[in-house]
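Have a look at upload-v1.csv below; it lists CSV, C-alpha atoms.
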chain,number,residue,atom,x,y,z
A,11,MET,CA,0.0,0.0,0.0
A,12,ALA,CA,1.4,3.4,-1.0
A,13,ARG,CA,2.3,5.8,1.7
A,14,ASP,CA,0.0,8.8,2.0
A,15,HIS,CA,1.6,11.9,0.6
A,16,GLN,CA,1.3,13.7,3.9
A,17,GLU,CA,3.5,11.1,5.5
A,18,GLN,CA,6.3,11.6,3.1
A,19,ARG,CA,8.9,13.6,5.0
A,20,ALA,CA,12.7,13.6,5.3
A,21,TRP,CA,13.6,15.6,8.3
A,22,VAL,CA,17.1,16.7,9.1
A,23,ARG,CA,18.0,18.3,12.4
A,24,MET,CA,20.5,21.1,11.9
A,25,PRO,CA,23.3,21.9,14.5
A,26,SER,CA,21.6,25.2,15.1
A,27,GLY,CA,18.5,23.3,16.2
A,28,ARG,CA,16.5,24.2,13.1
A,29,ARG,CA,14.9,21.4,11.1
A,30,LEU,CA,14.7,20.9,7.4
A,31,ASP,CA,12.3,18.7,5.5
A,32,LEU,CA,14.4,17.8,2.4
A,33,LEU,CA,11.2,17.0,0.5
A,34,ASP,CA,9.5,20.3,1.3
A,35,PRO,CA,12.3,22.9,2.1
A,36,THR,CA,11.7,26.5,2.9
A,37,PRO,CA,14.4,29.3,3.1
A,38,PHE,CA,14.0,29.5,6.9
A,39,ASP,CA,15.1,25.9,7.7
A,40,TRP,CA,18.8,26.5,8.3
A,41,ASP,CA,21.2,29.2,9.4
A,42,ASP,CA,24.4,30.2,7.7
A,43,SER,CA,26.6,28.2,10.1
A,44,ASP,CA,24.5,25.1,9.4
A,45,LEU,CA,25.1,25.5,5.7
A,46,ALA,CA,28.8,26.1,6.1
A,47,LEU,CA,29.3,23.1,8.3
A,48,GLY,CA,27.1,20.9,6.0
A,49,LEU,CA,29.2,21.9,3.0
A,50,ALA,CA,32.4,21.4,4.9
A,51,ARG,CA,31.3,17.8,5.8
A,52,THR,CA,30.2,16.9,2.3
A,53,TYR,CA,32.9,15.6,0.1
A,54,ARG,CA,33.8,15.9,-3.5
A,55,TRP,CA,35.0,12.9,-5.7
A,56,GLY,CA,33.0,10.4,-3.7
A,57,GLY,CA,35.2,11.1,-0.7
A,58,HIS,CA,38.3,9.8,-2.4
A,59,SER,CA,41.5,11.7,-2.1
A,60,ALA,CA,45.3,11.3,-2.5
A,61,TRP,CA,45.6,13.4,0.7
A,62,PRO,CA,44.9,12.3,4.3
A,63,LEU,CA,41.6,14.2,4.1
A,64,PRO,CA,39.0,14.4,1.3
A,65,LEU,CA,38.1,17.7,-0.4
A,66,SER,CA,35.0,19.4,0.9
A,67,VAL,CA,32.3,21.1,-1.2
A,68,ALA,CA,32.9,24.2,1.0
A,69,GLN,CA,36.6,24.4,-0.2
A,70,HIS,CA,35.5,23.6,-3.8
A,71,SER,CA,32.9,26.4,-3.7
A,72,LEU,CA,35.5,29.0,-2.6
A,73,THR,CA,37.8,27.7,-5.4
A,74,VAL,CA,35.1,28.1,-8.1
A,75,MET,CA,34.3,31.6,-6.9
A,76,HIS,CA,37.9,32.8,-7.1
A,77,VAL,CA,38.5,31.1,-10.5
A,78,ARG,CA,35.4,32.8,-11.8
A,79,ALA,CA,36.6,36.2,-10.4
A,80,ALA,CA,40.0,35.7,-11.9
A,81,ALA,CA,38.5,34.9,-15.4
A,82,GLY,CA,36.5,38.1,-15.2
A,83,ALA,CA,39.5,40.1,-14.2
A,84,ALA,CA,41.5,38.7,-17.0
A,85,ALA,CA,38.8,40.0,-19.4
A,86,GLY,CA,38.8,43.4,-17.7
A,87,LEU,CA,35.5,42.7,-15.8
A,88,SER,CA,35.0,42.5,-12.1
A,89,LEU,CA,32.7,40.0,-10.5
A,90,SER,CA,29.9,41.8,-8.6
A,91,PRO,CA,29.3,40.8,-5.0
A,92,ILE,CA,25.9,39.2,-5.8
A,93,PHE,CA,27.4,37.2,-8.6
A,94,ALA,CA,30.3,36.2,-6.3
A,95,LEU,CA,27.7,35.1,-3.7
A,96,ARG,CA,25.9,33.0,-6.3
A,97,GLU,CA,29.2,31.3,-7.3
A,98,LEU,CA,29.9,30.6,-3.6
A,99,LEU,CA,26.5,29.1,-3.1
A,100,HIS,CA,26.3,27.2,-6.4
A,101,ASP,CA,26.4,23.8,-4.7
A,102,ALA,CA,24.7,24.9,-1.5
A,103,GLU,CA,21.9,22.3,-1.8
A,104,GLU,CA,24.6,19.6,-1.5
A,105,GLY,CA,25.4,20.9,2.0
A,106,LEU,CA,21.8,20.7,3.0
A,107,LEU,CA,21.4,17.3,1.6
A,108,GLY,CA,24.8,16.1,2.8
A,109,PHE,CA,25.6,14.4,-0.5
A,110,ASP,CA,27.6,15.3,-3.6
A,111,CYS,CA,26.8,12.7,-6.2
A,112,ILE,CA,29.5,12.3,-8.8
A,113,SER,CA,28.1,13.6,-12.1
A,114,PRO,CA,28.0,10.3,-14.1
A,115,LEU,CA,25.7,8.7,-11.5
A,116,LYS,CA,23.1,11.5,-11.4
A,117,PRO,CA,21.0,10.1,-14.3
A,118,PHE,CA,20.7,6.7,-12.5
A,119,LEU,CA,19.1,8.5,-9.5
A,120,GLY,CA,16.2,9.5,-11.6
A,121,GLU,CA,13.8,12.4,-11.8
A,122,ALA,CA,12.7,12.3,-8.2
A,123,PHE,CA,16.3,13.1,-7.0
A,124,LYS,CA,16.5,15.8,-9.6
A,125,THR,CA,13.3,17.3,-8.3
A,126,LEU,CA,14.5,17.2,-4.8
A,127,THR,CA,17.8,19.0,-5.6
A,128,VAL,CA,15.9,21.6,-7.7
A,129,LYS,CA,13.6,22.4,-4.7
A,130,LEU,CA,16.6,22.8,-2.4
A,131,GLU,CA,18.4,25.0,-4.9
A,132,ALA,CA,15.3,27.2,-5.2
A,133,ALA,CA,15.1,27.6,-1.4
A,134,VAL,CA,18.8,28.7,-1.4
A,135,PHE,CA,18.3,31.2,-4.2
A,136,LEU,CA,15.2,32.6,-2.4
A,137,ARG,CA,16.9,32.9,1.0
A,138,TYR,CA,20.0,34.7,-0.3
A,139,GLY,CA,18.3,36.8,-3.0
A,140,LEU,CA,20.3,35.3,-5.8
A,141,PRO,CA,19.4,36.2,-9.4
A,142,ARG,CA,18.7,33.3,-11.7
A,143,TRP,CA,21.5,32.4,-14.2
A,144,THR,CA,21.4,33.8,-17.7
A,145,GLN,CA,22.7,31.5,-20.4
A,146,LYS,CA,25.9,33.5,-20.7
A,147,GLU,CA,26.4,33.7,-16.9
A,148,HIS,CA,25.8,30.0,-16.5
A,149,ALA,CA,28.3,29.2,-19.3
A,150,ALA,CA,30.9,31.3,-17.5
A,151,HIS,CA,30.2,29.6,-14.2
A,152,LYS,CA,30.4,26.1,-15.7
A,153,LEU,CA,33.8,26.9,-17.2
A,154,ALA,CA,35.0,27.9,-13.8
A,155,ASP,CA,33.5,24.8,-12.3
A,156,ARG,CA,35.1,22.6,-14.8
A,157,LEU,CA,38.5,24.3,-14.3
A,158,ALA,CA,38.2,23.6,-10.6
A,159,ALA,CA,37.1,20.0,-11.3
A,160,ALA,CA,40.0,19.4,-13.6
A,161,SER,CA,42.5,20.8,-11.1
A,162,GLU,CA,41.0,18.9,-8.2
A,163,ALA,CA,41.2,15.7,-10.2
A,164,VAL,CA,44.9,16.1,-10.8
A,165,HIS,CA,46.0,17.7,-7.6
A,166,VAL,CA,43.6,16.2,-5.1
A,167,THR,CA,42.5,12.8,-6.3
A,168,GLY,CA,45.6,11.8,-8.4
A,169,TRP,CA,44.4,11.5,-11.9
A,170,SER,CA,46.9,12.5,-14.6
A,171,ALA,CA,46.1,15.5,-16.9
A,172,GLN,CA,45.7,13.1,-19.8
A,173,GLU,CA,43.3,10.9,-17.8
A,174,VAL,CA,41.2,14.0,-16.9
A,175,GLN,CA,40.6,14.6,-20.6
A,176,GLN,CA,40.4,11.0,-21.9
A,177,THR,CA,38.8,9.2,-19.0
A,178,LEU,CA,36.9,11.9,-17.1
A,179,LYS,CA,36.0,13.8,-20.3
A,180,ILE,CA,36.8,17.2,-18.8
A,181,LYS,CA,38.2,19.1,-21.7
A,182,VAL,CA,39.8,22.0,-20.0
A,183,PRO,CA,43.4,21.9,-18.7
A,184,PRO,CA,44.0,21.8,-15.0
A,185,LEU,CA,45.3,24.9,-13.2
A,186,SER,CA,48.8,24.6,-11.8
A,187,GLU,CA,48.5,27.2,-9.1
A,188,ASP,CA,45.9,26.9,-6.3
A,189,PRO,CA,43.8,30.1,-6.3
A,190,LEU,CA,43.2,29.7,-2.6
A,191,GLN,CA,46.8,29.4,-1.5
A,192,SER,CA,47.6,33.1,-2.0
A,193,ILE,CA,44.6,34.0,0.2
A,194,TYR,CA,44.8,31.4,2.9
A,195,GLY,CA,48.4,30.1,2.8
A,196,GLY,CA,49.1,26.5,3.5
A,197,THR,CA,50.0,23.8,1.0
A,198,ALA,CA,48.7,24.1,-2.5
A,199,TRP,CA,45.6,22.0,-3.2
A,200,GLU,CA,45.6,20.3,0.2
A,201,PRO,CA,42.1,19.6,1.5
A,202,TRP,CA,41.2,21.5,4.7
A,203,PRO,CA,39.9,19.9,7.8
A,204,PRO,CA,36.1,20.3,8.1
A,205,ALA,CA,36.1,22.9,10.9
A,206,LEU,CA,38.6,25.1,9.0
A,207,ALA,CA,36.6,24.7,5.7
A,208,ALA,CA,33.4,25.7,7.5
A,209,GLU,CA,35.1,28.7,9.2
A,210,ARG,CA,36.5,30.1,5.9
A,211,PHE,CA,33.3,29.4,3.9
A,212,LEU,CA,31.2,31.1,6.6
A,213,ALA,CA,33.5,34.1,6.8
A,214,GLU,CA,33.2,34.6,3.0
A,215,LEU,CA,29.4,34.1,3.1
A,216,GLU,CA,29.0,36.7,5.8
A,217,ARG,CA,31.3,39.2,4.0
A,218,LEU,CA,29.4,38.9,0.8
A,219,LYS,CA,26.0,39.1,2.5
A,220,LEU,CA,27.1,42.3,4.2
A,221,VAL,CA,28.4,43.8,0.9
A,222,CYS,CA,25.3,42.8,-1.0
A,223,GLY,CA,23.1,44.5,1.7
Encoded form using structure tokens:
Amino acid sequence: MARDHQEQRAWVRMPSGRRLDLLDPTPFDWDDSDLALGLARTYRWGGHSAWPLPLSVAQHSLTVMHVRAAAGAAAGLSLSPIFALRELLHDAEEGLLGFDCISPLKPFLGEAFKTLTVKLEAAVFLRYGLPRWTQKEHAAHKLADRLAAASEAVHVTGWSAQEVQQTLKIKVPPLSEDPLQSIYGGTAWEPWPPALAAERFLAELERLKLVCG
């Protein structure tokens, strides 16, 4: 017998004490520290890493934001604070869900999973007042995301540059320099501990929110 629709809930208790129904999210179901910690504890590349720690989505999100800003600067364009905030939060739903599915597997999870992630993304965009992507903006974002992915594949998980192109089918060359090292120091491309990743992500989120007003 099918479950009644009203009984279909997927509650998550946040560290702040708030609770989120993943199947029916609202923009008021988490605070910024919940999101930062969720992203810091959600891992890229299926949790696999050539380092002692895996790479968090929080660290990846900061990388994408800075890669996108650098690409704009190279073209003589600055990335506005609201667009930078959108880059920072481009994977925010993964922190709420606690799961970053590797891209080739997403079609196997079906339309129900896609609907779930779209709802979470919509709640994030509404909470933070993010503008929807234009086609041109999204293309620029995806390029930054792919550059980050290619670089992570080589420097974090241990694929060769040739394997990134031929096996992973990421057709952009990896970066040699870690865009976060000049800002935060440390060893290039080394994944941060979750507490540190959460702290740095949250600081950037709060800074951009303040600038955006």
Of the listed residues A:Ser90, A:Ile112, A:Pro204, A:Ala132, that which approaches A:Leu178 most closely, counting all atoms listed in the file: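 Closest candidate: A:Ile112.
Shortest atom-to-atom contact with A:Leu218 among A:Leu140, A:Leu107, A:Val134, A:Val166: A:Leu140, counting only C-alpha atoms.
Here atom CA of A:Glu187 stands at a distance of 9.0 Å from atom CA of A:Ser161.
Relative to atom CA of A:Lys146, atom CA of A:Ala171 is found at 27.3 Å.
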Can you write out as CSV which residues of stretch 116-179 of chain A fall within 7 Å of stretch 68-88 of chain A, alongside each residue's closest atom pair and its distance in Å to one decimal, counting all atoms listed in the file and ordering rows by chain and ascending residue number?
residue,atom,partner,partner_atom,distance
A:His151,CA,A:Arg78,CA,6.6
A:Ala154,CA,A:Arg78,CA,5.3
A:Asp155,CA,A:Val74,CA,5.6
A:Ala158,CA,A:Val74,CA,6.0
Could you check how far atom CA of A:Ser113 sits from atom CA of A:Leu153, in Å to one decimal?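 Computed distance, atom CA of A:Ser113 to atom CA of A:Leu153, equals 15.3 Å.
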Would you compute an axis-aligned box for stretch 188-202 of chain A, covering every atom listed for it in the file with 3 Å of margin on each side, and report centre and edge lengths in Å to one decimal as lines of an AutoDock Vina configuration file?
center_x = 45.6
center_y = 26.8
center_z = -0.8
size_x = 14.8
size_y = 20.4
size_z = 17.0
All residues 12 Å or closer to A:Pro114, only C-alpha atoms, same chain fewer than 2 positions away omitted, as a PyMOL selection string: chain A and resi 55-56+110-112+116-119+177-179
Hey, which of A:Phe38, A:Trp169, A:Tyr138, A:Trp199 ends up closest to A:Leu98? Count only C-alpha atoms. A:Tyr138
Can you find the residues with an atom no farther than 12 Å from (11.4, 11.9, -5.7), counting only C-alpha atoms, and report them as a VMD selection string? chain A and resid 15 18 to 20 32 to 34 119 to 129
Selection: 12 Å around A:Gly57, only C-alpha atoms, excl. self and same-chain fewer than 2 positions, as a ChimeraX atom specification: /A:51-55,59-67,109-112,166-167,201
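Of the residues under consideration (A:Ala102, A:Met24, A:Ala159, A:Ala46), A:Ala46 shows the shortest atom-to-atom contact distance to A:Ala213 when counting only C-alpha atoms.
For the residues A:Asp41, A:Glu200, A:Glu173, A:Asp31, ranking by smallest atom-to-atom distance to A:Leu130 using all atoms listed in the file places A:Asp31 first.
With all atoms listed in the file as the atoms that count, the residue of A:Glu214, A:Glu97, A:Glu131, A:Glu209 with the shortest distance to A:Pro37 is A:Glu131.
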May I have the residues within 12 Å of A:Arg23 as a ChimeraX atom specification, using only C-alpha atoms and disregarding those fewer than 4 positions away in the same chain? /A:27-32,39-41,44,48,106-108
Would you list the contacts of A:Gly139 as a ChimeraX atom specification, taking every protein, DNA or RNA residue within 12 Å and counting all atoms listed in the file, but skipping same-chain residues closer than 3 positions in sequence? /A:37,91-93,95-96,99,131-136,142,218-219,222-223
Residues as selected, C-alpha atoms, written as a PDB file, keeping the file's coordinate frame, can you do that?
ATOM      1  CA  PRO A  37      14.400  29.300   3.100  1.00  0.00           C
ATOM      2  CA  PRO A  91      29.300  40.800  -5.000  1.00  0.00           C
ATOM      3  CA  ILE A  92      25.900  39.200  -5.800  1.00  0.00           C
ATOM      4  CA  PHE A  93      27.400  37.200  -8.600  1.00  0.00           C
ATOM      5  CA  LEU A  95      27.700  35.100  -3.700  1.00  0.00           C
ATOM      6  CA  ARG A  96      25.900  33.000  -6.300  1.00  0.00           C
ATOM      7  CA  LEU A  99      26.500  29.100  -3.100  1.00  0.00           C
ATOM      8  CA  GLU A 131      18.400  25.000  -4.900  1.00  0.00           C
ATOM      9  CA  ALA A 132      15.300  27.200  -5.200  1.00  0.00           C
ATOM     10  CA  ALA A 133      15.100  27.600  -1.400  1.00  0.00           C
ATOM     11  CA  VAL A 134      18.800  28.700  -1.400  1.00  0.00           C
ATOM     12  CA  PHE A 135      18.300  31.200  -4.200  1.00  0.00           C
ATOM     13  CA  LEU A 136      15.200  32.600  -2.400  1.00  0.00           C
ATOM     14  CA  ARG A 142      18.700  33.300 -11.700  1.00  0.00           C
ATOM     15  CA  LEU A 218      29.400  38.900   0.800  1.00  0.00           C
ATOM     16  CA  LYS A 219      26.000  39.100   2.500  1.00  0.00           C
ATOM     17  CA  CYS A 222      25.300  42.800  -1.000  1.00  0.00           C
ATOM     18  CA  GLY A 223      23.100  44.500   1.700  1.00  0.00           C
TER      19      GLY A 223
END
Would you list the residues near (35.7, 20.3, -17.3) (no more than 6 Å away, in the coordinates of the file, using all atoms listed in the file) as a count of residues only? 6
Since the input lacks some atoms of stretch 191-202 of chain A, please model N, CA and C atoms and print them as a compact mmCIF listing (two decimals), in the coordinates of the input.
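Result went into out-v7.txt, see below:
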# COMPACT_ATOMS: atom_id res chain seq x y z
N GLN A 191 45.60 29.37 -2.27
CA GLN A 191 46.80 29.40 -1.50
C GLN A 191 47.30 30.84 -1.23
N SER A 192 47.15 31.72 -2.21
CA SER A 192 47.60 33.10 -2.00
C SER A 192 46.72 33.85 -1.02
N ILE A 193 45.54 33.34 -0.77
CA ILE A 193 44.60 34.00 0.20
C ILE A 193 44.75 33.41 1.56
N TYR A 194 44.83 32.10 1.65
CA TYR A 194 44.80 31.40 2.90
C TYR A 194 46.13 30.81 3.37
N GLY A 195 47.10 30.76 2.45
CA GLY A 195 48.40 30.10 2.80
C GLY A 195 48.22 28.60 2.76
N GLY A 196 49.14 27.93 3.46
CA GLY A 196 49.10 26.50 3.50
C GLY A 196 49.71 25.83 2.28
N THR A 197 49.51 24.54 2.16
CA THR A 197 50.00 23.80 1.00
C THR A 197 49.03 23.79 -0.11
N ALA A 198 49.53 24.04 -1.32
CA ALA A 198 48.70 24.10 -2.50
C ALA A 198 47.84 22.85 -2.65
N TRP A 199 46.54 23.03 -2.84
CA TRP A 199 45.60 22.00 -3.20
C TRP A 199 45.31 20.99 -2.03
N GLU A 200 45.89 21.22 -0.86
CA GLU A 200 45.60 20.30 0.20
C GLU A 200 44.23 20.51 0.81
N PRO A 201 43.43 19.47 0.92
CA PRO A 201 42.10 19.60 1.50
C PRO A 201 42.16 20.07 2.96
N TRP A 202 41.27 20.98 3.30
CA TRP A 202 41.20 21.50 4.70
C TRP A 202 40.42 20.61 5.59
